[in-house]
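Novice: This is the structure, below, for whatever I ask next.
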Amino acid sequence: MTFTFDDITGLLAGQLHQENAEKPVTAAVAMVFREGAEELELLLIQRTIDDRDPWSGNLAFPGGRIKQDEAPRLAAERETAEEIGLLLEEARFLGRLPDIKGSHLPVSVSCFIYGLPAENPQKMELNYEVQDAFWIGIDELAVPERHIVSGVTFGGEAFEMPAIYIPRPDTPVLWGLTYRLVMEFLNILRSQER
């Protein structure tokens, strides 16, 4: 899949976004891409293991809770700066995915998409909430053989869930809310290829 930031902006402009008055957005995340040597690369973080964090140790996008009277997009940008030190005000805003609801917790998440140039001078500085951060090619995420059903644990319960195997040592599978957002994004890209 070869896409540019302009392509993504155009595809996302066609997506409808509706506010859900019954289930207001409680969290916001940033899906951040950079221009790689051969393809766009997506930023993923691995959350630090912490018994107080329901997503402890999972792969995710930077983001978190929206403060009272804070716009969701500003929350995504603030949380990204706090967690990994990237200032998204310097990135190109590409669009937004439809909000999604959590399957196991009462959370509704907004996802905002950004693009960084290949020569981005910013260095990531991980805070205590983030164990690791890495870039992965968008084509790597689309490889059908990496789309699996995997055993995962959430809230002390074991589940079999759809996931994406990430070919990196000591890296968990991508599943849950982040998986659903990645799949939504990939489906939007695939719709353009047809």
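Chain lettering (A, B, ...) mirrors the order of the structure tokens, residue numbering begins at 1 for each chain separately, and ligand numbering begins at 1 in order of display.
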Could you list, with a cut-off of 9 Å and counting only C-alpha atoms, the residues of segment 135-164 of chain A near segment 179-182 of chain A, each shown with its nearest atom pair and the distance in Å rounded to one decimal, rows sorted by chain and ascending number, as CSV?

Specialist:
residue,atom,partner,partner_atom,distance
A:Leu141,CA,A:Val182,CA,8.4
A:Pro162,CA,A:Tyr179,CA,8.1
A:Ala163,CA,A:Tyr179,CA,6.5
A:Ile164,CA,A:Tyr179,CA,7.3

Novice: From a DSSP calculation on the backbone, collect every residue of segment 6-181 of chain A in strand (DSSP E) and output the set as a PyMOL selection string.

Specialist: chain A and resi 27-35+40-47+59-60+63-65+92-101+108-116+130-137+147-154+157-164

Novice: Of the candidates A:Val32, A:Ile113, A:Ile84, A:Ala133, which shows the shortest atom-to-atom distance to Leu11 of chain A, using only C-alpha atoms?

Specialist: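 Checking each candidate against Leu11 of chain A, we get A:Ile113 as the closest.
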
Novice: Tell me which of A:Leu189, A:Leu44, A:Leu74, A:Ile166 sits closest to Phe3 of chain A, counting only C-alpha atoms.

Specialist: A:Leu189

Novice: As an MDAnalysis selection string, please: all residues of segment 15-161 of chain A that backbone DSSP puts in helix (DSSP H, G or I).

Specialist: chainID A and resid 72:84 88:90 138:142 144:146

Novice: Store the residues picked out above in a file with N, CA and C atoms, as a PDB file, in the first residue's frame.

Specialist:
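So the final result, stored in out17.pdb, reads:
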ATOM      1  N   PRO A  72     -11.130  17.048  22.699  1.00  0.00           N
ATOM      2  CA  PRO A  72     -10.478  15.742  22.527  1.00  0.00           C
ATOM      3  C   PRO A  72      -9.160  15.807  21.751  1.00  0.00           C
ATOM      4  N   ARG A  73      -9.115  16.586  20.677  1.00  0.00           N
ATOM      5  CA  ARG A  73      -7.873  16.667  19.890  1.00  0.00           C
ATOM      6  C   ARG A  73      -6.739  17.255  20.724  1.00  0.00           C
ATOM      7  N   LEU A  74      -7.032  18.277  21.509  1.00  0.00           N
ATOM      8  CA  LEU A  74      -5.996  18.861  22.371  1.00  0.00           C
ATOM      9  C   LEU A  74      -5.546  17.873  23.437  1.00  0.00           C
ATOM     10  N   ALA A  75      -6.473  17.038  23.913  1.00  0.00           N
ATOM     11  CA  ALA A  75      -6.105  16.004  24.890  1.00  0.00           C
ATOM     12  C   ALA A  75      -5.137  15.003  24.268  1.00  0.00           C
ATOM     13  N   ALA A  76      -5.401  14.584  23.022  1.00  0.00           N
ATOM     14  CA  ALA A  76      -4.498  13.648  22.339  1.00  0.00           C
ATOM     15  C   ALA A  76      -3.109  14.258  22.190  1.00  0.00           C
ATOM     16  N   GLU A  77      -3.057  15.532  21.827  1.00  0.00           N
ATOM     17  CA  GLU A  77      -1.766  16.203  21.659  1.00  0.00           C
ATOM     18  C   GLU A  77      -1.048  16.368  23.000  1.00  0.00           C
ATOM     19  N   ARG A  78      -1.784  16.740  24.036  1.00  0.00           N
ATOM     20  CA  ARG A  78      -1.185  16.908  25.367  1.00  0.00           C
ATOM     21  C   ARG A  78      -0.636  15.586  25.881  1.00  0.00           C
ATOM     22  N   GLU A  79      -1.447  14.535  25.787  1.00  0.00           N
ATOM     23  CA  GLU A  79      -1.027  13.218  26.280  1.00  0.00           C
ATOM     24  C   GLU A  79       0.187  12.701  25.516  1.00  0.00           C
ATOM     25  N   THR A  80       0.239  12.937  24.214  1.00  0.00           N
ATOM     26  CA  THR A  80       1.390  12.505  23.415  1.00  0.00           C
ATOM     27  C   THR A  80       2.655  13.222  23.877  1.00  0.00           C
ATOM     28  N   ALA A  81       2.553  14.512  24.112  1.00  0.00           N
ATOM     29  CA  ALA A  81       3.716  15.270  24.608  1.00  0.00           C
ATOM     30  C   ALA A  81       4.149  14.757  25.978  1.00  0.00           C
ATOM     31  N   GLU A  82       3.184  14.481  26.854  1.00  0.00           N
ATOM     32  CA  GLU A  82       3.514  14.004  28.200  1.00  0.00           C
ATOM     33  C   GLU A  82       4.135  12.611  28.173  1.00  0.00           C
ATOM     34  N   GLU A  83       3.561  11.711  27.368  1.00  0.00           N
ATOM     35  CA  GLU A  83       3.996  10.311  27.393  1.00  0.00           C
ATOM     36  C   GLU A  83       5.292  10.062  26.640  1.00  0.00           C
ATOM     37  N   ILE A  84       5.461  10.710  25.475  1.00  0.00           N
ATOM     38  CA  ILE A  84       6.637  10.389  24.654  1.00  0.00           C
ATOM     39  C   ILE A  84       7.413  11.613  24.179  1.00  0.00           C
ATOM     40  N   LEU A  88       2.889  17.451  18.759  1.00  0.00           N
ATOM     41  CA  LEU A  88       2.107  17.259  17.544  1.00  0.00           C
ATOM     42  C   LEU A  88       1.653  18.567  16.916  1.00  0.00           C
ATOM     43  N   GLU A  89       1.822  19.672  17.624  1.00  0.00           N
ATOM     44  CA  GLU A  89       1.530  20.969  17.010  1.00  0.00           C
ATOM     45  C   GLU A  89       2.444  21.187  15.805  1.00  0.00           C
ATOM     46  N   GLU A  90       3.593  20.501  15.806  1.00  0.00           N
ATOM     47  CA  GLU A  90       4.554  20.628  14.712  1.00  0.00           C
ATOM     48  C   GLU A  90       4.313  19.593  13.616  1.00  0.00           C
ATOM     49  N   ILE A 138       3.481   0.502   7.563  1.00  0.00           N
ATOM     50  CA  ILE A 138       2.051   0.236   7.425  1.00  0.00           C
ATOM     51  C   ILE A 138       1.807  -1.070   6.668  1.00  0.00           C
ATOM     52  N   ASP A 139       2.677  -1.392   5.704  1.00  0.00           N
ATOM     53  CA  ASP A 139       2.531  -2.656   4.984  1.00  0.00           C
ATOM     54  C   ASP A 139       2.735  -3.852   5.911  1.00  0.00           C
ATOM     55  N   GLU A 140       3.604  -3.704   6.912  1.00  0.00           N
ATOM     56  CA  GLU A 140       3.829  -4.788   7.890  1.00  0.00           C
ATOM     57  C   GLU A 140       2.531  -5.126   8.621  1.00  0.00           C
ATOM     58  N   LEU A 141       1.745  -4.101   8.921  1.00  0.00           N
ATOM     59  CA  LEU A 141       0.493  -4.322   9.651  1.00  0.00           C
ATOM     60  C   LEU A 141      -0.577  -4.962   8.777  1.00  0.00           C
ATOM     61  N   ALA A 142      -0.439  -4.813   7.467  1.00  0.00           N
ATOM     62  CA  ALA A 142      -1.457  -5.327   6.551  1.00  0.00           C
ATOM     63  C   ALA A 142      -1.191  -6.759   6.082  1.00  0.00           C
ATOM     64  N   PRO A 144      -1.502 -10.384   5.696  1.00  0.00           N
ATOM     65  CA  PRO A 144      -2.582 -11.257   6.182  1.00  0.00           C
ATOM     66  C   PRO A 144      -2.124 -12.313   7.184  1.00  0.00           C
ATOM     67  N   GLU A 145      -0.925 -12.869   7.001  1.00  0.00           N
ATOM     68  CA  GLU A 145      -0.440 -13.920   7.894  1.00  0.00           C
ATOM     69  C   GLU A 145      -0.186 -13.415   9.316  1.00  0.00           C
ATOM     70  N   ARG A 146      -0.092 -12.123   9.491  1.00  0.00           N
ATOM     71  CA  ARG A 146       0.130 -11.557  10.828  1.00  0.00           C
ATOM     72  C   ARG A 146      -1.181 -11.316  11.569  1.00  0.00           C
TER      73      ARG A 146
END

Novice: Please indicate the distance in Å from atom CA of Phe154 of chain A to atom CA of Gly85 of chain A, rounded to one decimal place.

Specialist: 27.8 Å

Novice: Tell me which protein, DNA and RNA residues are within 6 Å of Val29 of chain A, counting only C-alpha atoms, leaving out same-chain ones fewer than 6 positions away, and put them as a ChimeraX atom specification.

Specialist: /A:61-63,76,111

Novice: Quick one: of A:Gln68, A:Ser56, A:Asn120, A:Ser150, who's nearest to Ala91 of chain A, counting only C-alpha atoms?

Specialist: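 With only C-alpha atoms as the atom set, the closest residue is A:Asn120.
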